[in-house]
Amino acid sequence: MLQYTIRRLLSLVPVMLIVSIIVFMIVHLTPGNPAFLILGEDASAESVAQLEQQLGLDKPIVVQFFDWLKNIVTGDLGQSVYSSEQVKTIIASHIGPTFSVTLLAIFIILLIAIPVALFAVWQRKTLLDPIFISVSLLGVSIPEFWFAMLLVLGFAVTIPIFPVAGYIPFAEGWFEWLYHLILPAFVLAAVEIGLVARMLRDGMLEAVNQDYTRTARAKGIRESVVLMKHVFSNALIPTATVIGVMIAGLLGGAIIIETMFTIPGMGSLLIDSIHRRDYPVIQGVILFIAAIYVLVNLCVDLLYAFLDPRIRYD
Amino acid sequence: MFKSKRNILAASILVLMTVATLTASLWLPTSPAHIDPSERLLSPSGQHWFGTDHFGRDIFALTIVAARISLLVGIVVAFLATLLGTATGLIAGYYKKADAIVMRIIDGMLAFPALLLALALVAALGGNVKNIIIALTFAFWPVMTRIVRSAVLQVKNIQYIEAAKTTGTSDFVILTRYVLPNALSPIIVQGTFIFAKAILAEAALSFLGLGVNPATPTWGSMLQESQIYISIAPWFSIFPGLAIVITVLSLNMLGDGLRDAFDPHAVKQKRVKKVWPLWRARKTQKQWAREKEQKSVAENEYMGKEV
Amino acid sequence: MLEVKDLKAYLDTSTGVVKAVDQVSFTVKAGETVGIVGESGSGKSVLALSLMQLNPTPLTFYPQGEILFEGRNLLGLRERALRKMRGNEISMIFQDPMSSLNPIFKIGNQLIEAIRSHKKMPRHKAEAEAIELLQDVGIPDAERRMHEYPHEFSGGMRQRVMIAIALACRPKLLIADEPTTALDVTIQAQILEMLRTIQNKYGTAILIITHDLGVVARLADRVMVMYSGRIVEEGSTADIFYRTSMPYTWSLLRSIPRLDEAGQDRLIPIQGQPPNLVTPPKGCNFSPRCPFATPECAEIDPALTERRHGHRVACILSEMEFEEQKQLLEAVDRKEVLA
């Protein structure tokens, strides 16, 4: 297990290198002079030259990349062009809301997907099964921003029980925090519930027909124990692989949801920065999200090995 | 492939939608560009089936016309991502040396949530149809590479491919004639899913104001515009959204159906079609079994006479 | 102890209703070993699973028959009562030991689960019992191996674990469905030997289901031959091997190598394919492939009738007729060999 963990950690090095190249290239893909883009077309030649020097844009591109990479590795993400604050500090102040809303969404997903999948497998021979498939397909086919609009229409406009927007930090009271987040977190979760439940159901249906399930039944243990212990635990292994996809969906969805519900998280920051052409912040946020995603995938792989003893001892 | 009713339904919806949007100018009663300030935000009626927007434009006409961008982006992205993904996947799966390099790059690209990567690229390149297609292709093809690669790895060492190698068949012929056909079903299925995802992503980009030129109606941009009118004109938000859901759902249904159709291991088990009450299923099964038995015995007797 | 009366088990498949088990009756007495022999697709596995009612429902249904275990009809039992029976009084081992153990739980866990599902006892006691069981089925270093996962065991060792699980609650009947088919020949012999020892120690009756006549010859007291869902011959092991009275059994014996008959060094396969069980042939099911078939065979479906004590045969040929025909065919065989 230790060896596996080390090997997996080492494989992150090339991945993060590619990630940083892509993030770096974002600015340089932009048609035209980045300095002009930041300052606007009518900027004076001097201020453009000054900014170019400040951002190191006058050096060859490879040199620029390694300078940039050196800074990143030492933890220096640069300075915002818009507010002159350190990108690090800006990102740090926006982590909380994104973290809250995604965590709550994951909680909702598990809370709904697991019982739904269990129920679907238990009643697998009834008409419930095709209904389940259709609903889960519908779930992944709804754009989250549209679903959010419908929920806002339903629960914030027609029957106003939830706030339409805003974010209260956890420190200012857990109830207010939860109350403001429940709608956005639910929207964020809704799209992924179908995916996770479907994967769990497929995994369980696979396991239900396996020989070891028959062995378990032959022991004379209760069907509910067979399903919960033998079938469910085996279904967790394939399901672990969709956790990565789920987190990607959540991080992507958070960008939209935060914008819609005016939650001051990483997503709002990214969209605002794109509109402001604040490239250092854009790069910083994208790099940060990618790094988180890579770490999550690492954890998923380790979880996978933990769940499946056959991998653990390889 | 079209054995299941579900697949036929999904395919028909998509064809109908494509034909409708391409021939829109021939049959739409009101032009989508027709602005009438006196008809702002009218609710659905006989004249305006889906109501009107804040410029007094007909939402039904707009929704139909907006399908063009969505379907165009979807199909082109699905095609390009499939093409690129298949090529890189074949190379990575077949040549060990290329595998290490290609897969490192793919892993790096997969380190971004797809929407984030697309967003970053569109932000850098600027929003127009061409750039959105580039960005989404870039965001979605790594998945295809992985799928094709694993399909190739599965068939690579099968005897007939070894045999073809020993008789001196060129790699290109082996890849296109022997390896590719075996990877075809996952490619088609994944291609369908990419089509669906691309439509959703394009709508999201437009919704965030990073899509195509605002003058061209798309479902995403319509939804963005409708957002502030949601409490007074909910139809403005509902119909373009429904259009997205129907299109994407059809594609997902088709992909799901195709996966089942291609899967040789799928158990074609008969189901007891009984919804309610669920917990009495056991009893009804017995009744059902009895009926079935009587029927089958009768059938068998009939068959016996025939022979 | 176990009495199966006129059992039918039908499978509902997309091509039609398959009569996998048709009008099967037999008994198993306490402590004896009974073998069921048949080709693949003869319905023997469905029969085995039916006894435990582990067939997937509603794929399988039972339009008729009784499975009496100590006087109680298992077919009529509710799920809860059946559960108390499974693993406790009747238990089962399966063909493929590689996939029959749950890959993600330790061997000890799976054994203890079997013990505690029917006996209320504290965990440490169950653990001690589990170790003892593992030693009984011949697993060395049992205490350490309790904490290993199935993939760390070889096929033979896994089948031993399966047997230990099956014996956990000292069942009265052990159903072994092709227990050695997936194993190497040397391992097969060890497992069979072990089954014998265990049977002597625990006094369990064994119903062994196999396509391998060698296994049956080695282990069984009585044998039933199954063909296309029916029992076609039943008798003591000696009856079946030395006083064969049914063309199918005879053909089956002729198709396997035997060391004791010097003259016959050629194997004669059975012609044709097993019948389609959705629309079985009229008359005797074996008639299309039977070298003895008369026109009558395509009309009359012979019932299982007793020839001598405990030896039942389903064939319209009398013993005399069969003997005559058999010698004729064997003479032809020899001629071919000589030529």
# chains A, B, ... in the order shown; residues from 1 in each chain; ligands from 1
$ interface_residues --of "chain C" --to "chain A" --cutoff "10 Å" --atoms "only C-alpha atoms" --output "ChimeraX atom specification"
/C:49,52-58,79-106,110-111,113-118,148-152,162,165-169
$ residues_around --residues "segment 15-21 of chain A" --least-positions-apart "4" --cutoff "12 Å" --atoms "only C-alpha atoms" --output "PyMOL selection string"
(chain A and resi 8-11+25-29+61-62+64-66+68-73+77+283-295+297-298) or (chain B and resi 100-113+117)
$ write_last_selection --atoms "N, CA and C atoms" --output "short mmCIF file (atom, residue, chain, number, x, y, z; two decimals), in the first residue's frame"
data_model
loop_
_atom_site.label_atom_id
_atom_site.label_comp_id
_atom_site.auth_asym_id
_atom_site.auth_seq_id
_atom_site.Cartn_x
_atom_site.Cartn_y
_atom_site.Cartn_z
N ARG A 8 2.04 6.42 -6.91
CA ARG A 8 0.94 7.28 -7.36
C ARG A 8 1.31 8.76 -7.17
N LEU A 9 1.99 9.07 -6.06
CA LEU A 9 2.41 10.45 -5.80
C LEU A 9 3.41 10.92 -6.85
N LEU A 10 4.34 10.05 -7.20
CA LEU A 10 5.35 10.41 -8.19
C LEU A 10 4.72 10.69 -9.55
N SER A 11 3.64 9.95 -9.87
CA SER A 11 3.01 10.15 -11.17
C SER A 11 2.35 11.52 -11.28
N MET A 25 -0.15 28.77 -20.93
CA MET A 25 -0.46 29.08 -22.32
C MET A 25 -1.73 29.91 -22.47
N ILE A 26 -2.59 29.89 -21.45
CA ILE A 26 -3.86 30.60 -21.58
C ILE A 26 -3.64 32.07 -21.96
N VAL A 27 -2.71 32.73 -21.27
CA VAL A 27 -2.44 34.14 -21.56
C VAL A 27 -1.86 34.29 -22.95
N HIS A 28 -0.99 33.32 -23.31
CA HIS A 28 -0.26 33.50 -24.56
C HIS A 28 -1.03 33.05 -25.78
N LEU A 29 -2.17 32.41 -25.53
CA LEU A 29 -3.05 32.05 -26.65
C LEU A 29 -3.85 33.26 -27.10
N ILE A 61 9.52 33.25 -24.68
CA ILE A 61 8.40 32.58 -24.03
C ILE A 61 8.84 31.46 -23.09
N VAL A 62 9.92 30.73 -23.49
CA VAL A 62 10.39 29.63 -22.64
C VAL A 62 10.93 30.17 -21.32
N GLN A 64 10.05 32.96 -19.97
CA GLN A 64 8.88 33.40 -19.21
C GLN A 64 8.23 32.26 -18.46
N PHE A 65 8.12 31.09 -19.16
CA PHE A 65 7.46 29.94 -18.54
C PHE A 65 8.22 29.49 -17.30
N PHE A 66 9.57 29.39 -17.46
CA PHE A 66 10.32 28.88 -16.31
C PHE A 66 10.35 29.88 -15.15
N TRP A 68 7.91 31.85 -14.47
CA TRP A 68 6.57 31.73 -13.91
C TRP A 68 6.46 30.47 -13.05
N LEU A 69 7.00 29.36 -13.62
CA LEU A 69 6.94 28.09 -12.91
C LEU A 69 7.69 28.16 -11.59
N LYS A 70 8.86 28.83 -11.62
CA LYS A 70 9.68 28.97 -10.41
C LYS A 70 8.85 29.70 -9.32
N ASN A 71 8.18 30.76 -9.76
CA ASN A 71 7.35 31.51 -8.82
C ASN A 71 6.23 30.63 -8.25
N ILE A 72 5.59 29.88 -9.15
CA ILE A 72 4.48 29.04 -8.72
C ILE A 72 4.95 28.04 -7.67
N VAL A 73 6.09 27.39 -7.97
CA VAL A 73 6.58 26.35 -7.07
C VAL A 73 6.92 26.95 -5.70
N LEU A 77 1.94 33.29 -6.73
CA LEU A 77 1.04 33.22 -7.88
C LEU A 77 0.94 34.57 -8.60
N GLN A 283 -5.29 32.69 -14.16
CA GLN A 283 -4.31 31.59 -14.12
C GLN A 283 -4.26 30.96 -12.74
N GLY A 284 -4.22 31.82 -11.73
CA GLY A 284 -4.14 31.31 -10.36
C GLY A 284 -5.33 30.43 -10.00
N VAL A 285 -6.53 30.92 -10.33
CA VAL A 285 -7.73 30.16 -9.97
C VAL A 285 -7.76 28.83 -10.71
N ILE A 286 -7.48 28.87 -12.02
CA ILE A 286 -7.53 27.64 -12.80
C ILE A 286 -6.49 26.64 -12.30
N LEU A 287 -5.30 27.12 -12.02
CA LEU A 287 -4.25 26.26 -11.50
C LEU A 287 -4.67 25.64 -10.17
N PHE A 288 -5.27 26.48 -9.35
CA PHE A 288 -5.69 26.02 -8.02
C PHE A 288 -6.76 24.94 -8.13
N ILE A 289 -7.79 25.19 -8.98
CA ILE A 289 -8.86 24.20 -9.13
C ILE A 289 -8.31 22.90 -9.69
N ALA A 290 -7.41 23.03 -10.70
CA ALA A 290 -6.82 21.82 -11.28
C ALA A 290 -6.04 21.05 -10.22
N ALA A 291 -5.30 21.77 -9.40
CA ALA A 291 -4.51 21.10 -8.36
C ALA A 291 -5.42 20.35 -7.39
N ILE A 292 -6.52 21.01 -7.00
CA ILE A 292 -7.48 20.35 -6.10
C ILE A 292 -8.04 19.10 -6.75
N TYR A 293 -8.36 19.23 -8.03
CA TYR A 293 -8.96 18.11 -8.75
C TYR A 293 -7.97 16.95 -8.84
N VAL A 294 -6.71 17.27 -9.10
CA VAL A 294 -5.68 16.23 -9.17
C VAL A 294 -5.55 15.53 -7.81
N LEU A 295 -5.58 16.32 -6.75
CA LEU A 295 -5.49 15.73 -5.41
C LEU A 295 -6.68 14.83 -5.12
N ASN A 297 -8.43 13.21 -7.27
CA ASN A 297 -8.25 11.97 -8.03
C ASN A 297 -7.23 11.06 -7.38
N LEU A 298 -6.22 11.64 -6.79
CA LEU A 298 -5.24 10.84 -6.05
C LEU A 298 -5.93 10.12 -4.90
N ALA B 100 3.44 6.37 -23.39
CA ALA B 100 3.89 7.12 -22.21
C ALA B 100 3.70 8.62 -22.42
N ILE B 101 4.13 9.11 -23.60
CA ILE B 101 4.05 10.55 -23.85
C ILE B 101 2.61 11.01 -24.00
N VAL B 102 1.87 10.32 -24.87
CA VAL B 102 0.49 10.73 -25.14
C VAL B 102 -0.33 10.71 -23.85
N MET B 103 -0.19 9.63 -23.08
CA MET B 103 -1.04 9.52 -21.90
C MET B 103 -0.67 10.53 -20.81
N ARG B 104 0.62 10.93 -20.74
CA ARG B 104 0.96 11.98 -19.77
C ARG B 104 0.22 13.28 -20.12
N ILE B 105 0.25 13.60 -21.43
CA ILE B 105 -0.43 14.83 -21.86
C ILE B 105 -1.93 14.73 -21.58
N ILE B 106 -2.49 13.55 -21.91
CA ILE B 106 -3.92 13.35 -21.70
C ILE B 106 -4.26 13.46 -20.21
N ASP B 107 -3.43 12.85 -19.37
CA ASP B 107 -3.66 12.95 -17.93
C ASP B 107 -3.64 14.40 -17.48
N GLY B 108 -2.69 15.16 -18.03
CA GLY B 108 -2.61 16.58 -17.67
C GLY B 108 -3.87 17.32 -18.06
N MET B 109 -4.40 16.99 -19.28
CA MET B 109 -5.61 17.68 -19.74
C MET B 109 -6.82 17.25 -18.94
N LEU B 110 -6.81 15.99 -18.54
CA LEU B 110 -7.94 15.50 -17.75
C LEU B 110 -7.89 16.02 -16.32
N ALA B 111 -6.81 16.70 -15.97
CA ALA B 111 -6.71 17.26 -14.62
C ALA B 111 -7.60 18.49 -14.46
N PHE B 112 -8.17 18.97 -15.56
CA PHE B 112 -9.10 20.10 -15.47
C PHE B 112 -10.52 19.58 -15.61
N PRO B 113 -11.43 20.05 -14.78
CA PRO B 113 -12.83 19.79 -15.09
C PRO B 113 -13.10 20.36 -16.50
N LEU B 117 -11.78 24.00 -18.35
CA LEU B 117 -10.82 24.09 -19.45
C LEU B 117 -11.43 24.87 -20.61
#
$ atom_distance --atom1 "atom CA of Ala114 of chain B" --atom2 "atom CA of Ile199 of chain B"
12.9 Å
$ closest_residue --among "B:Thr18, B:Arg6, B:Pro181, B:Glu39" --to "Pro130 of chain A" --atoms "only C-alpha atoms"
B:Arg6
$ interface_residues --of "chain C" --to "chain B" --cutoff "10 Å" --atoms "only C-alpha atoms" --output "list in words"
Tyr10, Asp12, Thr13, Ser14, Gly16, Val17, Val18, Thr57, Pro58, Leu59, Thr60, Phe61, Tyr62, Pro63, Val278, Thr279, Pro280, Pro281 and Lys282 of chain C
$ write_last_selection --atoms "N, CA and C atoms" --output "tab-separated table (two decimals), in the first residue's frame"
chain	number	residue	atom	x	y	z
C	10	TYR	N	-39.03	-24.77	-14.34
C	10	TYR	CA	-38.99	-24.22	-15.69
C	10	TYR	C	-38.30	-22.87	-15.67
C	12	ASP	N	-37.86	-19.27	-17.58
C	12	ASP	CA	-38.52	-18.43	-18.56
C	12	ASP	C	-37.47	-17.58	-19.26
C	13	THR	N	-37.12	-17.93	-20.47
C	13	THR	CA	-36.08	-17.17	-21.19
C	13	THR	C	-36.73	-16.44	-22.35
C	14	SER	N	-35.93	-15.61	-23.01
C	14	SER	CA	-36.51	-14.84	-24.11
C	14	SER	C	-36.89	-15.73	-25.29
C	16	GLY	N	-38.26	-18.77	-24.88
C	16	GLY	CA	-39.40	-19.59	-24.53
C	16	GLY	C	-39.18	-20.25	-23.19
C	17	VAL	N	-40.12	-21.09	-22.80
C	17	VAL	CA	-40.01	-21.75	-21.50
C	17	VAL	C	-39.15	-22.99	-21.63
C	18	VAL	N	-38.07	-23.05	-20.87
C	18	VAL	CA	-37.17	-24.20	-20.89
C	18	VAL	C	-37.53	-25.12	-19.73
C	57	THR	N	-35.50	-15.74	-9.21
C	57	THR	CA	-36.92	-15.56	-9.55
C	57	THR	C	-37.06	-14.21	-10.22
C	58	PRO	N	-37.94	-13.99	-11.14
C	58	PRO	CA	-38.94	-14.92	-11.62
C	58	PRO	C	-38.47	-15.72	-12.82
C	59	LEU	N	-37.15	-15.80	-13.02
C	59	LEU	CA	-36.63	-16.54	-14.16
C	59	LEU	C	-37.06	-18.01	-14.06
C	60	THR	N	-37.03	-18.52	-12.82
C	60	THR	CA	-37.38	-19.92	-12.63
C	60	THR	C	-38.69	-20.01	-11.87
C	61	PHE	N	-39.55	-20.91	-12.27
C	61	PHE	CA	-40.74	-21.14	-11.46
C	61	PHE	C	-41.06	-22.62	-11.39
C	62	TYR	N	-41.81	-22.97	-10.39
C	62	TYR	CA	-42.07	-24.37	-10.10
C	62	TYR	C	-43.54	-24.65	-10.25
C	63	PRO	N	-43.94	-25.12	-11.44
C	63	PRO	CA	-45.38	-25.34	-11.62
C	63	PRO	C	-45.87	-26.55	-10.85
C	278	VAL	N	-36.80	-26.13	-25.07
C	278	VAL	CA	-38.00	-25.31	-25.24
C	278	VAL	C	-39.07	-26.15	-25.95
C	279	THR	N	-38.64	-26.84	-27.00
C	279	THR	CA	-39.55	-27.75	-27.70
C	279	THR	C	-38.89	-29.13	-27.75
C	280	PRO	N	-39.00	-29.89	-26.67
C	280	PRO	CA	-38.35	-31.20	-26.64
C	280	PRO	C	-39.00	-32.16	-27.65
C	281	PRO	N	-38.21	-33.13	-28.09
C	281	PRO	CA	-38.78	-34.07	-29.07
C	281	PRO	C	-39.94	-34.85	-28.47
C	282	LYS	N	-40.82	-35.29	-29.33
C	282	LYS	CA	-41.92	-36.13	-28.87
C	282	LYS	C	-41.36	-37.50	-28.52
$ residues_around --residues "Lys165 of chain B" --least-positions-apart "4" --cutoff "12 Å" --atoms "only C-alpha atoms" --output "ChimeraX atom specification"
/B:156-161,169-175,178-179
$ closest_atom_pairs --of "chain B" --to "chain A" --cutoff "8 Å" --atoms "only C-alpha atoms" --output "Markdown table"
| residue | atom | partner | partner_atom | distance |
| --- | --- | --- | --- | --- |
| B:Arg104 | CA | A:Val15 | CA | 6.3 |
| B:Ile105 | CA | A:Ile18 | CA | 6.3 |
| B:Asp107 | CA | A:Val15 | CA | 6.0 |
| B:Gly108 | CA | A:Val15 | CA | 4.5 |
| B:Met109 | CA | A:Val19 | CA | 6.7 |
| B:Ala111 | CA | A:Val294 | CA | 5.6 |
| B:Phe112 | CA | A:Ala290 | CA | 5.1 |
| B:Pro113 | CA | A:Ala248 | CA | 4.6 |
| B:Ala114 | CA | A:Gly252 | CA | 7.4 |
| B:Leu115 | CA | A:Gly252 | CA | 5.4 |
| B:Leu116 | CA | A:Gly252 | CA | 5.9 |
| B:Ala120 | CA | A:Ile26 | CA | 6.8 |
| B:Leu121 | CA | A:Ile26 | CA | 6.6 |
| B:Ala123 | CA | A:Ile274 | CA | 6.2 |
| B:Ala124 | CA | A:Thr30 | CA | 4.7 |
| B:Leu125 | CA | A:Thr30 | CA | 5.3 |
| B:Gly126 | CA | A:Thr30 | CA | 7.8 |
| B:Ala196 | CA | A:Ser141 | CA | 7.8 |
| B:Leu200 | CA | A:Pro143 | CA | 6.2 |
| B:Ala203 | CA | A:Pro143 | CA | 8.0 |
| B:Ala204 | CA | A:Phe145 | CA | 7.5 |
| B:Leu208 | CA | A:Ile256 | CA | 7.3 |
| B:Leu223 | CA | A:Trp146 | CA | 7.5 |
| B:Gln227 | CA | A:Met149 | CA | 7.3 |
| B:Ile230 | CA | A:Leu153 | CA | 6.7 |
| B:Ser231 | CA | A:Val157 | CA | 6.4 |
| B:Pro234 | CA | A:Leu153 | CA | 7.7 |
| B:Ser237 | CA | A:Met149 | CA | 7.7 |
| B:Ile238 | CA | A:Leu150 | CA | 7.8 |
| B:Gly241 | CA | A:Trp146 | CA | 6.0 |
| B:Ile244 | CA | A:Ile142 | CA | 7.5 |
| B:Val245 | CA | A:Ile142 | CA | 5.3 |
| B:Val248 | CA | A:Ser141 | CA | 5.3 |
| B:Leu249 | CA | A:Ser141 | CA | 5.1 |
| B:Asn252 | CA | A:Leu137 | CA | 6.6 |
| B:Met253 | CA | A:Leu137 | CA | 7.0 |
| B:Arg271 | CA | A:Lys125 | CA | 5.3 |
| B:Val272 | CA | A:Thr126 | CA | 5.4 |
| B:Lys273 | CA | A:Leu127 | CA | 5.1 |
| B:Lys274 | CA | A:Thr126 | CA | 5.5 |
| B:Val275 | CA | A:Leu127 | CA | 5.2 |
| B:Leu278 | CA | A:Gln123 | CA | 7.2 |
| B:Ala281 | CA | A:Thr126 | CA | 7.6 |
$ residues_around --residues "Trp141 of chain B" --least-positions-apart "4" --cutoff "6 Å" --atoms "only C-alpha atoms" --output "list in words"
Ala81, Gly85 and Thr137 of chain B
